[in-house]
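Have a look at the structure below, then the notes.
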Amino acid sequence: MLNPKRAWIRQLIALATFLALWEAAGRADLLNPLYMPMPSSIWDALVELFAGGRIWIHMEATFTAALAGLVIGIVVGIVLGVVAALIPVVAELLEPVMLLLNAVPRVILAPLFVIWLGIGLASKVALAFILVAVVIFFTVFTGIRQVDRRLVERIVTLGGGRSALLRHVYLPSVTAWVLGNLKVAVGFAFTGAVVGEFVAASRGLGYLLSFAQSTFNSALMMALVLLIMAVVLVIFGLASRLEKRLLRWN
């Protein structure tokens, strides 16, 4: 029987084997380097990015847009979700709008935000914000509506009003729901930032991806994709630790 604690060892062995076969196929001219560069070429492109120091200004731009959109989206999504869940009139007006935004691929708004807000930071923050806010809104809105009615009835029976319900029932639940979907929100935030930069920007990882595409530099493109994946995985790890720490009461 396989030991689950040794799973990471098996995963590393499988990854190393895959990379070795990929490299061997490239060196044997079985792969076209224009479309599928060897792992060593991708590594060289990644090292060149950091060695020249030009990657930092692009990472700063993407991080700033993604994190700003993430924070604003979480705050606005929570507020709108709570208000819509507790006030039926607001839900009647707001829910159709959010459903429409959720039904349409929100990344197609990137060109529109560029027209409205320019190619600077604002358009990237706006796209990241929209992606995150819709997810958090439905997380909170649906969660509050599905909260255990027995808890609500007990608070009301003991004489608690709406403020007591918010403090003792809804806010703890909202915290758990938002933290549980934090990884999804982080992914959407970086998607918004990178896609916005890919459409129109003067710096950022998305801008570098667009440049690599226009020059048919597939090694650089794959290096940038791996870099973005590594950054998001690190943030996922931090989000998981934060979730475990804050939800120990749960």
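FYI, nothing fancy with the structure tokens labels: chains A, B, ... in order, residues from 1 per chain, ligands from 1 as they appear.
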- Task: Write out as number ranges by chain the residues lying within 12 Å of range 112-126 of chain A, counting only C-alpha atoms and excluding same-chain residues fewer than 5 positions away.
- Result: A: 58, 60-73, 106-107, 131-133, 188-207
- Query: Distance CA of Asp44 in chain A-CA of Leu238 in chain A, one decimal place?
  - Reply: 28.3 Å
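Near range 17-28 of chain A, within 9 Å and counting only C-alpha atoms, sit A:Met36, A:Pro37, A:Met38, A:Pro39, A:Ser40, not including residues fewer than 6 positions from it in the same chain.
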- Task: Give me, please, the distance in Å between CA of Ala85 in chain A and CA of Asn102 in chain A, quoted to one decimal.
- Result: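 These two atoms are separated by 17.5 Å.
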Neighbours of Met229 in chain A within 12 Å (only C-alpha atoms; same-chain residues fewer than 3 positions away dropped), as a short mmCIF file (atom, residue, chain, number, x, y, z; two decimals) with N, CA and C atoms, in the first residue's frame?
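Below is the file out26.cif, written as the result:
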```
data_model
loop_
_atom_site.label_atom_id
_atom_site.label_comp_id
_atom_site.auth_asym_id
_atom_site.auth_seq_id
_atom_site.Cartn_x
_atom_site.Cartn_y
_atom_site.Cartn_z
N VAL A 186 -7.55 34.70 -5.32
CA VAL A 186 -6.17 35.04 -5.69
C VAL A 186 -5.92 34.70 -7.15
N GLY A 187 -6.37 33.52 -7.57
CA GLY A 187 -6.21 33.13 -8.96
C GLY A 187 -6.89 34.09 -9.91
N PHE A 190 -4.91 37.53 -10.13
CA PHE A 190 -3.74 37.49 -11.02
C PHE A 190 -4.16 37.31 -12.47
N THR A 191 -5.25 36.58 -12.70
CA THR A 191 -5.76 36.46 -14.07
C THR A 191 -6.15 37.83 -14.62
N VAL A 194 -2.89 40.01 -15.24
CA VAL A 194 -2.07 39.55 -16.38
C VAL A 194 -2.81 39.75 -17.70
N LEU A 205 3.99 41.39 -16.12
CA LEU A 205 4.24 40.06 -16.65
C LEU A 205 3.38 39.78 -17.88
N MET A 222 7.10 30.35 -21.95
CA MET A 222 6.97 29.27 -20.98
C MET A 222 7.65 29.64 -19.66
N ALA A 223 8.77 30.35 -19.73
CA ALA A 223 9.45 30.80 -18.51
C ALA A 223 8.55 31.73 -17.71
N LEU A 224 7.86 32.62 -18.40
CA LEU A 224 6.95 33.56 -17.72
C LEU A 224 5.74 32.83 -17.14
N VAL A 225 5.22 31.85 -17.87
CA VAL A 225 4.10 31.07 -17.36
C VAL A 225 4.51 30.33 -16.09
N LEU A 226 5.69 29.72 -16.10
CA LEU A 226 6.19 29.01 -14.91
C LEU A 226 6.39 29.98 -13.75
N VAL A 232 1.88 32.29 -7.82
CA VAL A 232 0.53 32.01 -7.35
C VAL A 232 0.52 30.83 -6.37
N LEU A 233 1.36 29.83 -6.62
CA LEU A 233 1.43 28.69 -5.70
C LEU A 233 1.96 29.11 -4.33
N VAL A 234 2.93 30.03 -4.33
CA VAL A 234 3.44 30.54 -3.05
C VAL A 234 2.32 31.27 -2.30
N ILE A 235 1.56 32.09 -3.01
CA ILE A 235 0.46 32.81 -2.38
C ILE A 235 -0.62 31.84 -1.91
N PHE A 236 -0.86 30.78 -2.68
CA PHE A 236 -1.81 29.75 -2.25
C PHE A 236 -1.37 29.13 -0.93
#
```
- Message: Would you compute the distance between CA of Ile55 in chain A and CA of Val184 in chain A? Give it in Å to one decimal.
- Response: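 Separation of CA of Ile55 in chain A and CA of Val184 in chain A: 25.5 Å.
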- Counting only C-alpha atoms, the option among A:Met98, A:Ala239, A:Ala103, A:Ala45 closest to Gly81 in chain A: A:Met98
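Residue nearest Phe138 in chain A, chosen from A:Leu12, A:Ala84, A:Leu179, A:Met221 and counting only C-alpha atoms: A:Ala84.
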- Item | range 27-73 of chain A: residues DSSP assigns to alpha helix (DSSP H), reported as a PyMOL selection string | chain A and resi 27+39-52+55-73
Write the residues you've just listed into a file as a PDB file, in the first residue's frame, and include C-alpha atoms for each of them.
```pdb
ATOM      1  CA  ARG A  27      18.166  17.212 -28.051  1.00  0.00           C
ATOM      2  CA  PRO A  39      13.502  22.655 -20.396  1.00  0.00           C
ATOM      3  CA  SER A  40      17.096  23.888 -20.430  1.00  0.00           C
ATOM      4  CA  SER A  41      16.149  26.666 -22.877  1.00  0.00           C
ATOM      5  CA  ILE A  42      13.218  27.678 -20.662  1.00  0.00           C
ATOM      6  CA  TRP A  43      15.531  27.713 -17.641  1.00  0.00           C
ATOM      7  CA  ASP A  44      18.071  29.867 -19.505  1.00  0.00           C
ATOM      8  CA  ALA A  45      15.315  32.366 -20.402  1.00  0.00           C
ATOM      9  CA  LEU A  46      14.192  32.501 -16.773  1.00  0.00           C
ATOM     10  CA  VAL A  47      17.753  33.011 -15.509  1.00  0.00           C
ATOM     11  CA  GLU A  48      18.285  35.780 -18.067  1.00  0.00           C
ATOM     12  CA  LEU A  49      15.185  37.600 -16.824  1.00  0.00           C
ATOM     13  CA  PHE A  50      16.467  37.695 -13.253  1.00  0.00           C
ATOM     14  CA  ALA A  51      20.134  38.178 -14.111  1.00  0.00           C
ATOM     15  CA  GLY A  52      19.382  41.335 -16.065  1.00  0.00           C
ATOM     16  CA  ILE A  55      11.941  41.335 -14.268  1.00  0.00           C
ATOM     17  CA  TRP A  56      11.458  43.167 -10.966  1.00  0.00           C
ATOM     18  CA  ILE A  57       9.666  46.221 -12.350  1.00  0.00           C
ATOM     19  CA  HIS A  58       7.281  43.930 -14.246  1.00  0.00           C
ATOM     20  CA  MET A  59       6.627  41.742 -11.195  1.00  0.00           C
ATOM     21  CA  GLU A  60       5.971  44.861  -9.121  1.00  0.00           C
ATOM     22  CA  ALA A  61       3.392  46.102 -11.637  1.00  0.00           C
ATOM     23  CA  THR A  62       1.563  42.766 -11.763  1.00  0.00           C
ATOM     24  CA  PHE A  63       1.677  42.259  -7.985  1.00  0.00           C
ATOM     25  CA  THR A  64       0.382  45.770  -7.333  1.00  0.00           C
ATOM     26  CA  ALA A  65      -2.545  45.400  -9.725  1.00  0.00           C
ATOM     27  CA  ALA A  66      -3.444  41.881  -8.552  1.00  0.00           C
ATOM     28  CA  LEU A  67      -3.252  42.583  -4.816  1.00  0.00           C
ATOM     29  CA  ALA A  68      -5.080  45.922  -5.097  1.00  0.00           C
ATOM     30  CA  GLY A  69      -7.860  44.283  -7.120  1.00  0.00           C
ATOM     31  CA  LEU A  70      -7.941  41.369  -4.657  1.00  0.00           C
ATOM     32  CA  VAL A  71      -8.313  43.542  -1.556  1.00  0.00           C
ATOM     33  CA  ILE A  72     -10.883  45.906  -3.082  1.00  0.00           C
ATOM     34  CA  GLY A  73     -12.803  43.005  -4.623  1.00  0.00           C
TER      35      GLY A  73
END
```
